[in-house]
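Okay, model-v4.csv is below, CSV, C-alpha atoms and all ligand atoms:
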```csv
chain,number,residue,atom,x,y,z
F,1,ALA,CA,-47.0,-40.0,110.2
F,2,ASP,CA,-48.1,-43.0,108.1
F,3,TYR,CA,-44.8,-42.7,106.1
F,4,GLN,CA,-42.4,-44.8,108.1
F,5,LEU,CA,-38.9,-46.3,107.8
F,6,ASP,CA,-40.2,-49.9,107.4
F,7,GLY,CA,-36.8,-51.3,108.5
F,8,HIS,CA,-34.7,-48.9,106.5
F,9,PRO,CA,-31.9,-47.2,108.5
F,10,ASP,CA,-32.9,-43.8,107.3
F,11,TYR,CA,-35.3,-42.0,104.9
F,12,MET,CA,-32.7,-41.3,102.3
F,13,ARG,CA,-32.0,-45.1,102.0
F,14,LYS,CA,-35.8,-45.8,101.9
F,15,GLU,CA,-36.4,-43.2,99.3
F,16,ILE,CA,-33.5,-44.4,97.1
F,17,ALA,CA,-35.0,-47.9,97.3
F,18,GLU,CA,-38.5,-46.6,96.4
F,19,GLN,CA,-37.4,-45.1,93.1
F,20,PRO,CA,-38.5,-47.9,90.8
F,21,GLU,CA,-42.1,-47.8,92.2
F,22,ALA,CA,-42.0,-44.0,92.4
F,23,MET,CA,-41.1,-43.8,88.7
F,24,ARG,CA,-43.8,-46.3,87.7
F,25,ARG,CA,-46.3,-44.0,89.4
F,26,ALA,CA,-44.9,-41.0,87.4
F,27,LEU,CA,-45.3,-42.9,84.2
F,28,MET,CA,-48.6,-44.5,84.9
F,29,GLY,CA,-51.3,-43.5,82.3
F,30,ARG,CA,-49.0,-41.0,80.7
F,31,LEU,CA,-47.4,-43.0,77.9
F,32,ASP,CA,-49.3,-43.5,74.7
F,33,GLU,CA,-47.9,-46.5,73.0
F,34,ARG,CA,-50.3,-46.3,70.1
F,35,PHE,CA,-49.1,-42.8,69.0
F,36,SER,CA,-45.7,-43.1,70.6
F,37,THR,CA,-46.1,-40.0,72.6
F,38,ALA,CA,-46.9,-38.8,76.2
F,39,ARG,CA,-50.3,-37.7,77.6
F,40,LEU,CA,-49.9,-34.9,80.1
F,41,GLY,CA,-53.5,-33.7,80.6
F,42,GLY,CA,-52.5,-31.5,83.6
F,43,LEU,CA,-50.6,-29.2,81.3
F,44,ARG,CA,-53.9,-28.0,79.8
F,45,LEU,CA,-52.1,-27.4,76.5
F,46,GLU,CA,-53.7,-28.3,73.2
F,47,PRO,CA,-51.4,-29.4,70.3
F,48,ARG,CA,-51.9,-25.9,68.9
F,49,ASP,CA,-50.6,-24.4,72.1
F,50,LEU,CA,-47.7,-26.9,72.2
F,51,ARG,CA,-46.7,-26.0,68.7
F,52,SER,CA,-46.7,-22.3,69.5
F,53,ILE,CA,-43.9,-22.7,72.1
F,54,ARG,CA,-40.7,-21.2,70.7
F,55,ARG,CA,-38.5,-21.7,73.8
F,56,VAL,CA,-38.6,-23.6,77.1
F,57,LYS,CA,-37.1,-22.4,80.3
F,58,PHE,CA,-36.8,-24.5,83.5
F,59,ILE,CA,-36.5,-22.6,86.8
F,60,GLY,CA,-35.9,-24.2,90.2
F,61,CYS,CA,-33.3,-24.2,93.0
F,62,GLY,CA,-30.5,-26.6,93.9
F,63,SER,CA,-31.3,-30.1,92.7
F,64,ALA,CA,-34.5,-29.0,91.1
F,65,TYR,CA,-32.4,-26.6,89.0
F,66,TYR,CA,-30.0,-29.4,87.9
F,67,ALA,CA,-33.0,-31.6,87.0
F,68,GLY,CA,-34.3,-28.7,85.0
F,69,GLN,CA,-31.0,-28.7,83.1
F,70,ILE,CA,-31.5,-32.4,82.3
F,71,GLY,CA,-35.0,-31.3,81.1
F,72,ALA,CA,-33.6,-28.6,78.9
F,73,ASN,CA,-31.3,-31.0,77.2
F,74,LEU,CA,-34.1,-33.4,76.6
F,75,VAL,CA,-36.4,-30.7,75.1
F,76,GLU,CA,-33.6,-29.6,72.8
F,77,GLU,CA,-32.8,-33.2,71.8
F,78,LEU,CA,-36.3,-34.6,71.3
F,79,ALA,CA,-38.2,-31.5,70.3
F,80,ARG,CA,-35.4,-29.2,68.8
F,81,ILE,CA,-36.8,-26.3,70.8
F,82,PRO,CA,-34.2,-24.0,72.4
F,83,ALA,CA,-34.3,-24.7,76.1
F,84,ASP,CA,-32.3,-23.8,79.2
F,85,ALA,CA,-32.5,-23.8,83.0
F,86,GLU,CA,-31.8,-21.1,85.5
F,87,PRO,CA,-31.7,-20.9,89.3
F,88,ALA,CA,-35.0,-19.4,90.4
F,89,SER,CA,-33.0,-17.4,93.0
F,90,GLU,CA,-31.2,-15.6,90.1
F,91,PHE,CA,-34.2,-15.3,87.8
F,92,ARG,CA,-36.4,-13.5,90.3
F,93,TYR,CA,-33.8,-10.7,91.0
F,94,ARG,CA,-32.5,-9.9,87.5
F,95,ASN,CA,-35.7,-8.4,86.1
F,96,PRO,CA,-36.0,-11.2,83.4
F,97,VAL,CA,-37.3,-10.5,80.0
F,98,VAL,CA,-40.6,-12.4,80.0
F,99,ASP,CA,-41.3,-13.8,76.5
F,100,PRO,CA,-44.9,-14.8,75.6
F,101,ASP,CA,-43.6,-17.6,73.3
F,102,THR,CA,-41.6,-19.2,76.0
F,103,LEU,CA,-43.0,-22.0,78.2
F,104,TYR,CA,-41.7,-21.6,81.7
F,105,VAL,CA,-41.5,-24.7,83.9
F,106,ALA,CA,-41.3,-24.1,87.7
F,107,VAL,CA,-39.6,-27.2,89.2
F,108,SER,CA,-40.0,-28.0,92.9
F,109,GLN,CA,-40.4,-31.1,95.1
F,110,SER,CA,-42.0,-29.2,98.1
F,111,GLY,CA,-43.8,-26.6,96.1
F,112,GLU,CA,-42.9,-24.2,98.9
F,113,THR,CA,-39.4,-22.9,98.0
F,114,ALA,CA,-39.5,-19.1,98.4
F,115,ASP,CA,-37.3,-18.2,95.5
F,116,THR,CA,-39.2,-20.5,93.0
F,117,LEU,CA,-42.5,-19.2,94.2
F,118,ALA,CA,-41.4,-15.6,93.8
F,119,ALA,CA,-40.1,-16.4,90.3
F,120,VAL,CA,-43.6,-17.8,89.4
F,121,GLN,CA,-45.3,-14.8,90.8
F,122,GLU,CA,-43.1,-12.4,88.8
F,123,LEU,CA,-43.9,-14.5,85.7
F,124,ALA,CA,-47.6,-14.3,86.4
F,125,ARG,CA,-47.4,-10.5,86.8
F,126,LYS,CA,-45.6,-10.2,83.5
F,127,GLY,CA,-47.9,-12.5,81.6
F,128,GLY,CA,-45.5,-15.5,81.2
F,129,ARG,CA,-46.9,-19.0,80.5
F,130,VAL,CA,-45.8,-21.0,83.5
F,131,ILE,CA,-46.5,-24.6,84.4
F,132,GLY,CA,-45.4,-26.5,87.5
F,133,ALA,CA,-43.4,-29.6,87.9
F,134,VAL,CA,-44.2,-30.2,91.5
F,135,ASN,CA,-44.4,-33.1,93.9
F,136,ALA,CA,-46.5,-31.7,96.7
F,137,VAL,CA,-50.1,-31.5,95.5
F,138,GLY,CA,-51.9,-28.4,96.9
F,139,SER,CA,-48.6,-26.6,97.6
F,140,ALA,CA,-48.1,-22.9,97.0
F,141,ILE,CA,-46.2,-23.3,93.7
F,142,ALA,CA,-48.7,-25.9,92.4
F,143,ARG,CA,-51.6,-23.5,93.2
F,144,GLU,CA,-49.9,-20.5,91.7
F,145,CYS,CA,-49.1,-22.3,88.5
F,146,GLY,CA,-52.6,-23.8,88.1
F,147,SER,CA,-51.4,-26.3,85.5
F,148,GLY,CA,-48.5,-28.6,85.1
F,149,VAL,CA,-47.3,-32.1,85.7
F,150,PHE,CA,-47.3,-33.7,89.2
F,151,LEU,CA,-44.2,-35.8,90.0
F,152,HIS,CA,-46.0,-38.5,92.0
F,153,ALA,CA,-42.9,-39.4,93.9
F,154,GLY,CA,-44.8,-39.7,97.1
F,155,PRO,CA,-43.7,-38.1,100.4
F,156,GLU,CA,-40.0,-37.3,100.6
F,157,VAL,CA,-38.5,-36.8,104.1
F,158,SER,CA,-34.8,-36.9,103.6
F,159,VAL,CA,-33.3,-33.4,103.1
F,160,ALA,CA,-31.2,-34.8,100.3
F,161,SER,CA,-33.7,-35.3,97.5
F,162,THR,CA,-33.6,-38.6,95.5
F,163,LYS,CA,-36.8,-40.0,94.2
F,164,ALA,CA,-38.3,-36.6,93.6
F,165,VAL,CA,-35.3,-35.5,91.5
F,166,THR,CA,-35.5,-38.8,89.5
F,167,ASN,CA,-39.2,-38.2,88.8
F,168,MET,CA,-38.5,-34.6,87.7
F,169,SER,CA,-36.2,-35.7,84.9
F,170,THR,CA,-38.6,-38.6,84.0
F,171,CYS,CA,-41.5,-36.1,83.7
F,172,PHE,CA,-39.3,-33.8,81.6
F,173,ALA,CA,-38.6,-36.7,79.3
F,174,MET,CA,-42.3,-37.1,78.8
F,175,LEU,CA,-42.7,-33.4,78.3
F,176,ALA,CA,-39.9,-33.4,75.7
F,177,LEU,CA,-41.5,-36.4,74.0
F,178,LEU,CA,-44.8,-34.7,73.8
F,179,LEU,CA,-43.3,-31.4,72.4
F,180,GLY,CA,-41.3,-33.5,69.9
F,181,ARG,CA,-44.3,-35.5,68.7
F,182,VAL,CA,-46.3,-32.5,67.8
F,183,ARG,CA,-43.3,-31.3,65.8
F,184,ASP,CA,-40.6,-33.2,64.0
F,185,LEU,CA,-39.9,-36.3,66.2
F,186,SER,CA,-40.6,-39.4,64.2
F,187,VAL,CA,-42.9,-42.2,65.2
F,188,ALA,CA,-39.9,-44.5,65.4
F,189,ASP,CA,-38.0,-42.2,67.8
F,190,GLY,CA,-41.1,-41.7,69.8
F,191,ARG,CA,-41.6,-45.4,70.1
F,192,ARG,CA,-37.9,-45.8,71.1
F,193,ILE,CA,-38.3,-43.3,73.9
F,194,VAL,CA,-41.6,-44.7,75.1
F,195,ALA,CA,-40.1,-48.2,75.3
F,196,GLY,CA,-37.0,-46.8,77.1
F,197,LEU,CA,-39.2,-45.1,79.7
F,198,VAL,CA,-41.3,-48.2,80.3
F,199,ALA,CA,-38.1,-50.2,80.9
F,200,LEU,CA,-36.5,-47.6,83.1
F,201,PRO,CA,-37.8,-48.6,86.5
F,202,SER,CA,-36.4,-52.1,86.2
F,203,ARG,CA,-33.0,-50.6,85.1
F,204,ILE,CA,-33.0,-48.6,88.3
F,205,GLU,CA,-33.5,-51.9,90.2
F,206,GLU,CA,-30.4,-53.2,88.5
F,207,VAL,CA,-28.3,-50.2,89.7
F,208,ILE,CA,-29.6,-50.6,93.2
F,209,ALA,CA,-28.6,-54.3,93.2
F,210,GLN,CA,-25.0,-53.1,92.9
F,211,ASP,CA,-25.2,-51.4,96.2
F,212,GLU,CA,-22.3,-53.5,97.8
F,213,HIS,CA,-19.9,-52.6,95.0
F,214,ILE,CA,-20.8,-48.9,95.3
F,215,ALA,CA,-20.3,-49.1,99.1
F,216,ASP,CA,-16.8,-50.6,98.5
F,217,ALA,CA,-16.0,-47.7,96.2
F,218,ALA,CA,-17.1,-45.2,98.9
F,219,ARG,CA,-14.9,-47.0,101.5
F,220,ARG,CA,-12.0,-46.9,99.2
F,221,PHE,CA,-12.2,-43.1,98.8
F,222,SER,CA,-13.4,-42.2,102.2
F,223,ALA,CA,-10.2,-40.3,103.1
F,224,ALA,CA,-10.7,-37.8,100.2
F,225,ARG,CA,-11.4,-34.3,101.3
F,226,HIS,CA,-12.1,-33.0,97.8
F,227,MET,CA,-13.6,-34.6,94.7
F,228,PHE,CA,-14.3,-33.6,91.2
F,229,PHE,CA,-17.4,-34.7,89.3
F,230,VAL,CA,-16.9,-34.4,85.6
F,231,GLY,CA,-19.3,-34.8,82.7
F,232,ARG,CA,-20.1,-33.3,79.3
F,233,VAL,CA,-23.3,-32.4,77.6
F,234,ARG,CA,-25.8,-35.0,78.9
F,235,GLY,CA,-23.4,-35.9,81.7
F,236,TRP,CA,-22.9,-32.3,82.9
F,237,PRO,CA,-26.1,-31.9,85.0
F,238,VAL,CA,-25.6,-35.4,86.2
F,239,ALA,CA,-22.2,-34.4,87.5
F,240,ARG,CA,-23.6,-31.3,89.2
F,241,GLU,CA,-26.3,-33.3,90.9
F,242,GLY,CA,-23.8,-35.9,92.0
F,243,ALA,CA,-21.5,-33.2,93.5
F,244,GLN,CA,-24.5,-31.6,95.2
F,245,LYS,CA,-25.6,-34.9,96.9
F,246,LEU,CA,-22.1,-35.6,98.2
F,247,LYS,CA,-21.7,-32.0,99.6
F,248,GLU,CA,-25.1,-32.1,101.3
F,249,ILE,CA,-24.8,-35.3,103.3
F,250,SER,CA,-21.0,-36.0,103.6
F,251,TYR,CA,-19.6,-32.5,103.8
F,252,VAL,CA,-16.8,-33.6,101.4
F,253,HIS,CA,-15.9,-30.7,99.1
F,254,ALA,CA,-17.2,-31.6,95.7
F,255,GLU,CA,-17.0,-29.6,92.5
F,256,ALA,CA,-18.6,-30.4,89.2
F,257,TYR,CA,-16.9,-29.4,85.9
F,258,GLN,CA,-17.7,-29.8,82.3
F,259,ALA,CA,-15.1,-32.3,81.0
F,260,GLY,CA,-13.8,-29.9,78.3
F,261,GLU,CA,-13.3,-27.1,80.8
F,262,LEU,CA,-10.9,-29.1,83.1
F,263,LYS,CA,-7.9,-28.2,80.9
F,264,HIS,CA,-8.7,-24.5,81.2
F,265,GLY,CA,-7.9,-24.3,84.9
F,266,PRO,CA,-9.2,-26.9,87.4
F,267,ILE,CA,-6.9,-29.6,86.1
F,268,ALA,CA,-4.2,-27.8,88.1
F,269,LEU,CA,-5.8,-29.3,91.2
F,270,ILE,CA,-5.5,-32.9,90.1
F,271,ASP,CA,-3.2,-35.1,92.1
F,272,GLY,CA,-3.3,-38.4,93.9
F,273,ASP,CA,-5.5,-36.9,96.6
F,274,MET,CA,-8.1,-35.5,94.2
F,275,PRO,CA,-10.4,-38.3,92.9
F,276,SER,CA,-12.6,-37.6,90.0
F,277,VAL,CA,-16.0,-39.2,89.3
F,278,VAL,CA,-16.4,-39.2,85.5
F,279,ILE,CA,-19.7,-39.7,83.8
F,280,VAL,CA,-19.1,-41.8,80.7
F,281,PRO,CA,-22.2,-42.8,78.7
F,282,ASP,CA,-21.8,-45.0,75.7
F,283,ASP,CA,-22.8,-42.3,73.2
F,284,GLU,CA,-21.2,-40.2,70.5
F,285,LEU,CA,-19.0,-38.5,73.0
F,286,LEU,CA,-17.5,-41.7,74.4
F,287,ALA,CA,-14.0,-41.1,72.8
F,288,LYS,CA,-13.9,-37.6,74.2
F,289,ASN,CA,-14.7,-38.8,77.7
F,290,ILE,CA,-12.1,-41.5,77.5
F,291,GLY,CA,-9.7,-38.8,76.6
F,292,THR,CA,-10.7,-36.8,79.7
F,293,ILE,CA,-10.0,-39.9,81.9
F,294,GLU,CA,-6.6,-40.3,80.3
F,295,GLN,CA,-5.8,-36.6,81.1
F,296,ILE,CA,-6.8,-37.1,84.7
F,297,LYS,CA,-4.8,-40.3,85.0
F,298,ALA,CA,-1.7,-38.7,83.4
F,299,ARG,CA,-1.7,-36.3,86.4
F,300,GLY,CA,-2.0,-39.0,89.0
F,301,GLY,CA,-5.7,-38.5,89.7
F,302,PRO,CA,-7.8,-41.5,90.8
F,303,VAL,CA,-10.9,-42.0,88.6
F,304,ILE,CA,-14.3,-43.5,89.4
F,305,ALA,CA,-16.0,-44.0,86.0
F,306,VAL,CA,-19.8,-44.2,86.0
F,307,THR,CA,-20.5,-45.9,82.7
F,308,ASN,CA,-22.5,-48.2,80.5
F,309,ALA,CA,-19.6,-48.5,77.9
F,310,ASP,CA,-16.9,-51.1,77.6
F,311,LEU,CA,-14.0,-49.0,78.7
F,312,PRO,CA,-10.4,-50.1,78.0
F,313,ALA,CA,-9.3,-52.5,80.8
F,314,GLY,CA,-7.6,-50.6,83.7
F,315,LEU,CA,-8.5,-47.2,82.4
F,316,ALA,CA,-10.5,-46.2,85.5
F,317,ASP,CA,-9.6,-47.2,89.0
F,318,ILE,CA,-13.2,-48.2,89.7
F,319,GLU,CA,-16.2,-48.6,87.4
F,320,LEU,CA,-19.7,-48.1,88.6
F,321,ARG,CA,-21.8,-49.9,85.9
F,322,VAL,CA,-25.1,-48.5,84.7
F,323,PRO,CA,-27.4,-50.6,82.5
F,324,ARG,CA,-28.2,-49.4,79.0
F,325,THR,CA,-31.2,-47.4,78.1
F,326,GLU,CA,-31.8,-45.0,75.3
F,327,PRO,CA,-28.9,-42.4,75.1
F,328,GLU,CA,-31.3,-39.5,75.7
F,329,LEU,CA,-32.5,-41.1,78.9
F,330,ASP,CA,-29.0,-41.9,80.3
F,331,PRO,CA,-29.0,-38.8,82.6
F,332,ILE,CA,-32.0,-40.2,84.5
F,333,LEU,CA,-30.3,-43.5,85.2
F,334,PHE,CA,-26.8,-42.2,85.8
F,335,GLY,CA,-28.0,-40.2,88.8
F,336,ILE,CA,-28.8,-43.4,90.8
F,337,PRO,CA,-25.2,-44.7,91.4
F,338,LEU,CA,-24.2,-41.2,92.5
F,339,GLN,CA,-26.9,-41.1,95.1
F,340,LEU,CA,-25.6,-44.4,96.5
F,341,LEU,CA,-22.0,-43.2,96.4
F,342,ALA,CA,-22.9,-40.0,98.4
F,343,TYR,CA,-25.0,-42.1,100.7
F,344,HIS,CA,-22.2,-44.6,101.5
F,345,LEU,CA,-19.5,-42.0,101.8
F,346,ALA,CA,-21.6,-40.1,104.3
F,347,THR,CA,-22.3,-43.3,106.2
F,348,VAL,CA,-18.6,-44.2,106.4
F,349,LEU,CA,-18.0,-40.7,107.7
F,350,GLY,CA,-20.7,-41.2,110.3
F,351,ARG,CA,-22.9,-38.3,109.2
F,352,ASP,CA,-26.5,-37.7,110.1
F,353,ILE,CA,-27.9,-38.8,106.7
F,354,ASP,CA,-31.5,-37.4,107.0
F,355,LYS,CA,-30.7,-34.2,108.8
F,356,PRO,CA,-27.5,-32.7,107.4
F,357,ARG,CA,-26.2,-29.6,109.2
F,358,ASN,CA,-27.2,-26.2,108.1
F,359,LEU,CA,-29.9,-27.5,105.7
F,360,ALA,CA,-33.7,-27.6,105.7
F,361,LYS,CA,-35.9,-29.8,103.6
F,362,SER,CA,-37.6,-26.8,102.0
F,363,VAL,CA,-36.1,-23.3,102.0
F,364,THR,CA,-39.2,-21.1,102.6
F,365,VAL,CA,-37.1,-18.0,103.4
F,366,GLU,CA,-34.9,-15.9,101.2
W,1,LIG,C1,-31.7,-31.4,97.2
W,1,LIG,O1,-31.0,-32.5,97.7
W,1,LIG,C2,-31.6,-30.2,98.1
W,1,LIG,N1,-31.9,-30.4,99.4
W,1,LIG,C3,-32.1,-28.9,97.5
W,1,LIG,O2,-31.1,-28.4,96.6
W,1,LIG,C4,-33.5,-28.8,96.9
W,1,LIG,O3,-33.5,-29.5,95.7
W,1,LIG,C5,-33.9,-27.4,96.7
W,1,LIG,O4,-33.8,-26.7,97.9
W,1,LIG,C6,-35.2,-27.2,96.0
W,1,LIG,O5,-36.2,-27.7,96.8
W,1,LIG,P1,-37.7,-27.9,96.2
W,1,LIG,O6,-37.5,-29.0,95.1
W,1,LIG,O7,-38.5,-28.4,97.3
W,1,LIG,O8,-38.1,-26.6,95.6
```

Would you mind giving the structure from this file in structure tokens?
Ligand code: AGP
Amino acid sequence: ADYQLDGHPDYMRKEIAEQPEAMRRALMGRLDERFSTARLGGLRLEPRDLRSIRRVKFIGCGSAYYAGQIGANLVEELARIPADAEPASEFRYRNPVVDPDTLYVAVSQSGETADTLAAVQELARKGGRVIGAVNAVGSAIARECGSGVFLHAGPEVSVASTKAVTNMSTCFAMLALLLGRVRDLSVADGRRIVAGLVALPSRIEEVIAQDEHIADAARRFSAARHMFFVGRVRGWPVAREGAQKLKEISYVHAEAYQAGELKHGPIALIDGDMPSVVIVPDDELLAKNIGTIEQIKARGGPVIAVTNADLPAGLADIELRVPRTEPELDPILFGIPLQLLAYHLATVLGRDIDKPRNLAKSVTVE
């Protein structure tokens, strides 16, 4: 009741705007600049325990699963521990092999999602080491896990999750940093990631400041009935989350593809009526992603490039600019313009932003 709109047209808008402060809360007291690492006391894991982890698996549903995929990439990159993510709704039903050397991370904003809770209970029965990455303190998943990292995003009302999802990947960056620093990650790389995280909230402010430009892009593509979201490696879960946001609140059909998979089938769908949102970070895969845009353009497909690189002039029809951060942290920042794109498209189409049809804020039934 004391969480109100404060002049914002809806909760999604308010929660997008709150992301810089929500992220500052998630980071507060958790970065150790002296030793270039993270302090996550709630994990209740000593360096010895952290070093014994041979694999990390993130489980969650919907956007929490996509955030887990970002987390898995961060853990592999920074700690060089094999990691992956799986939808909790699949995990619970496939009689998973529960491995004692794996750290399981249950990801949930509400802490009440039935599939995620059931997956945690199954893990507990089979002796799996499971921690929570949960926003709602005192929720069922937080209690069942007993240890973990709280997201500190504050209350989230909009069905389409924004600030909680951003804090999920931010917390996973800290988890990956911590796992890396008790292993092979150098002081210099640790320092680079700590500094990158400290600067991230103000980078988000820079993205939000481009709201009008993003709204223009949404208006320009408001007639599209279908859209592709394309990314590779770091950009792939970002594309999945972008497509998810658009589907949820605008009801525009959106599909995410790995950039390299386009040519194996989906590229047949590209024409002038099928815009593609392409995630183009300025990293070692830049040339590959430019190639992907060229392939789409050659088939007449309009392209919205989300990028922090200097792309050849005229390559994309529209560029949504993202400020620079450390390359490993790009996925956290690249999500923000996609939230705004979905928001503005849904607004142009006159949708009920906070209460999209057929959806509930937390899915507490099977
Ligand atoms: C996010 O925009 C969606 N509404 C949905 O995918 C959500 O992330 C999912 O249902 C999981 O919810 P949770 O984080 O509360 O467990």

Cut-off 10 Å: closest chain F/ligand LIG 1 (chain W) atom pairs per residue, using only C-alpha atoms and all ligand atoms, as JSON lines:
```
{"residue": "F:Ile59", "atom": "CA", "partner": "W:LIG1", "partner_atom": "O8", "distance": 9.8}
{"residue": "F:Gly60", "atom": "CA", "partner": "W:LIG1", "partner_atom": "O8", "distance": 6.3}
{"residue": "F:Cys61", "atom": "CA", "partner": "W:LIG1", "partner_atom": "C6", "distance": 4.6}
{"residue": "F:Gly62", "atom": "CA", "partner": "W:LIG1", "partner_atom": "O2", "distance": 3.3}
{"residue": "F:Ser63", "atom": "CA", "partner": "W:LIG1", "partner_atom": "O3", "distance": 3.8}
{"residue": "F:Ala64", "atom": "CA", "partner": "W:LIG1", "partner_atom": "O3", "distance": 4.7}
{"residue": "F:Tyr65", "atom": "CA", "partner": "W:LIG1", "partner_atom": "O3", "distance": 7.4}
{"residue": "F:Tyr66", "atom": "CA", "partner": "W:LIG1", "partner_atom": "O3", "distance": 8.5}
{"residue": "F:Ala67", "atom": "CA", "partner": "W:LIG1", "partner_atom": "O3", "distance": 9.0}
{"residue": "F:Pro87", "atom": "CA", "partner": "W:LIG1", "partner_atom": "C6", "distance": 9.8}
{"residue": "F:Ala88", "atom": "CA", "partner": "W:LIG1", "partner_atom": "O8", "distance": 9.4}
{"residue": "F:Ala106", "atom": "CA", "partner": "W:LIG1", "partner_atom": "O8", "distance": 8.9}
{"residue": "F:Val107", "atom": "CA", "partner": "W:LIG1", "partner_atom": "O6", "distance": 6.5}
{"residue": "F:Ser108", "atom": "CA", "partner": "W:LIG1", "partner_atom": "O6", "distance": 3.5}
{"residue": "F:Gln109", "atom": "CA", "partner": "W:LIG1", "partner_atom": "O6", "distance": 3.6}
{"residue": "F:Ser110", "atom": "CA", "partner": "W:LIG1", "partner_atom": "O7", "distance": 3.7}
{"residue": "F:Gly111", "atom": "CA", "partner": "W:LIG1", "partner_atom": "O8", "distance": 5.7}
{"residue": "F:Glu112", "atom": "CA", "partner": "W:LIG1", "partner_atom": "O7", "distance": 6.3}
{"residue": "F:Thr113", "atom": "CA", "partner": "W:LIG1", "partner_atom": "O8", "distance": 4.6}
{"residue": "F:Ala114", "atom": "CA", "partner": "W:LIG1", "partner_atom": "O8", "distance": 8.1}
{"residue": "F:Asp115", "atom": "CA", "partner": "W:LIG1", "partner_atom": "O8", "distance": 8.4}
{"residue": "F:Thr116", "atom": "CA", "partner": "W:LIG1", "partner_atom": "O8", "distance": 6.7}
{"residue": "F:Leu117", "atom": "CA", "partner": "W:LIG1", "partner_atom": "O8", "distance": 8.7}
{"residue": "F:Ala133", "atom": "CA", "partner": "W:LIG1", "partner_atom": "O6", "distance": 9.3}
{"residue": "F:Val134", "atom": "CA", "partner": "W:LIG1", "partner_atom": "O6", "distance": 7.7}
{"residue": "F:Asn135", "atom": "CA", "partner": "W:LIG1", "partner_atom": "O6", "distance": 8.1}
{"residue": "F:Ala136", "atom": "CA", "partner": "W:LIG1", "partner_atom": "O7", "distance": 8.7}
{"residue": "F:Ile141", "atom": "CA", "partner": "W:LIG1", "partner_atom": "O8", "distance": 9.0}
{"residue": "F:Glu156", "atom": "CA", "partner": "W:LIG1", "partner_atom": "O7", "distance": 9.6}
{"residue": "F:Ser158", "atom": "CA", "partner": "W:LIG1", "partner_atom": "N1", "distance": 8.3}
{"residue": "F:Val159", "atom": "CA", "partner": "W:LIG1", "partner_atom": "N1", "distance": 5.0}
{"residue": "F:Ala160", "atom": "CA", "partner": "W:LIG1", "partner_atom": "O1", "distance": 3.5}
{"residue": "F:Ser161", "atom": "CA", "partner": "W:LIG1", "partner_atom": "O1", "distance": 3.9}
{"residue": "F:Thr162", "atom": "CA", "partner": "W:LIG1", "partner_atom": "O1", "distance": 7.0}
{"residue": "F:Ala164", "atom": "CA", "partner": "W:LIG1", "partner_atom": "O6", "distance": 7.8}
{"residue": "F:Val165", "atom": "CA", "partner": "W:LIG1", "partner_atom": "O3", "distance": 7.5}
{"residue": "F:Met168", "atom": "CA", "partner": "W:LIG1", "partner_atom": "O6", "distance": 9.3}
{"residue": "F:Glu241", "atom": "CA", "partner": "W:LIG1", "partner_atom": "O1", "distance": 8.3}
{"residue": "F:Gly242", "atom": "CA", "partner": "W:LIG1", "partner_atom": "O1", "distance": 9.8}
{"residue": "F:Gln244", "atom": "CA", "partner": "W:LIG1", "partner_atom": "O1", "distance": 7.0}
{"residue": "F:Lys245", "atom": "CA", "partner": "W:LIG1", "partner_atom": "O1", "distance": 6.0}
{"residue": "F:Leu246", "atom": "CA", "partner": "W:LIG1", "partner_atom": "O1", "distance": 9.4}
{"residue": "F:Lys247", "atom": "CA", "partner": "W:LIG1", "partner_atom": "O1", "distance": 9.5}
{"residue": "F:Glu248", "atom": "CA", "partner": "W:LIG1", "partner_atom": "O1", "distance": 6.9}
{"residue": "F:Ile249", "atom": "CA", "partner": "W:LIG1", "partner_atom": "O1", "distance": 8.8}
{"residue": "F:Gln339", "atom": "CA", "partner": "W:LIG1", "partner_atom": "O1", "distance": 9.9}
{"residue": "F:Pro356", "atom": "CA", "partner": "W:LIG1", "partner_atom": "N1", "distance": 9.4}
{"residue": "F:Leu359", "atom": "CA", "partner": "W:LIG1", "partner_atom": "N1", "distance": 7.2}
{"residue": "F:Ala360", "atom": "CA", "partner": "W:LIG1", "partner_atom": "N1", "distance": 7.1}
{"residue": "F:Lys361", "atom": "CA", "partner": "W:LIG1", "partner_atom": "N1", "distance": 5.8}
{"residue": "F:Ser362", "atom": "CA", "partner": "W:LIG1", "partner_atom": "O7", "distance": 5.0}
{"residue": "F:Val363", "atom": "CA", "partner": "W:LIG1", "partner_atom": "O4", "distance": 5.8}
{"residue": "F:Thr364", "atom": "CA", "partner": "W:LIG1", "partner_atom": "O8", "distance": 9.0}
```

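For the set F:Arg25, F:Arg39, F:Arg143, F:His8, the residue with the smallest atom-to-atom gap to Ala176 (chain F) is F:Arg39, counting all atoms listed in the file.
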
Give me the residues within 8 Å of Asp84 (chain F) as an NGL selection string, counting all atoms listed in the file and dropping any in the same chain fewer than 6 places off. :F and (56-58 or 68-69 or 72-73)

Counting all atoms listed in the file, what is within 8 Å of Pro201 (chain F), bar same-chain residues fewer than 4 positions away, as an MDAnalysis selection string? chainID F and resid 19:21 23:24 197 205

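Computed from the coordinates, the CA of Asp6 (chain F) to CA of Val198 (chain F) distance equals 27.2 Å.
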
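Here CA of Pro302 (chain F) is placed at a distance of 4.6 Å from CA of Pro275 (chain F).
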
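Using all atoms listed in the file, the smallest distance between any of F:Asp49, F:Gly138, F:Leu123, F:Val306 and Leu338 (chain F) comes from F:Val306.
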
Find the residue from F:Gly231, F:Val130, F:Ser222, F:Pro266 that sits nearest to Gly350 (chain F); use all atoms listed in the file when measuring. F:Ser222
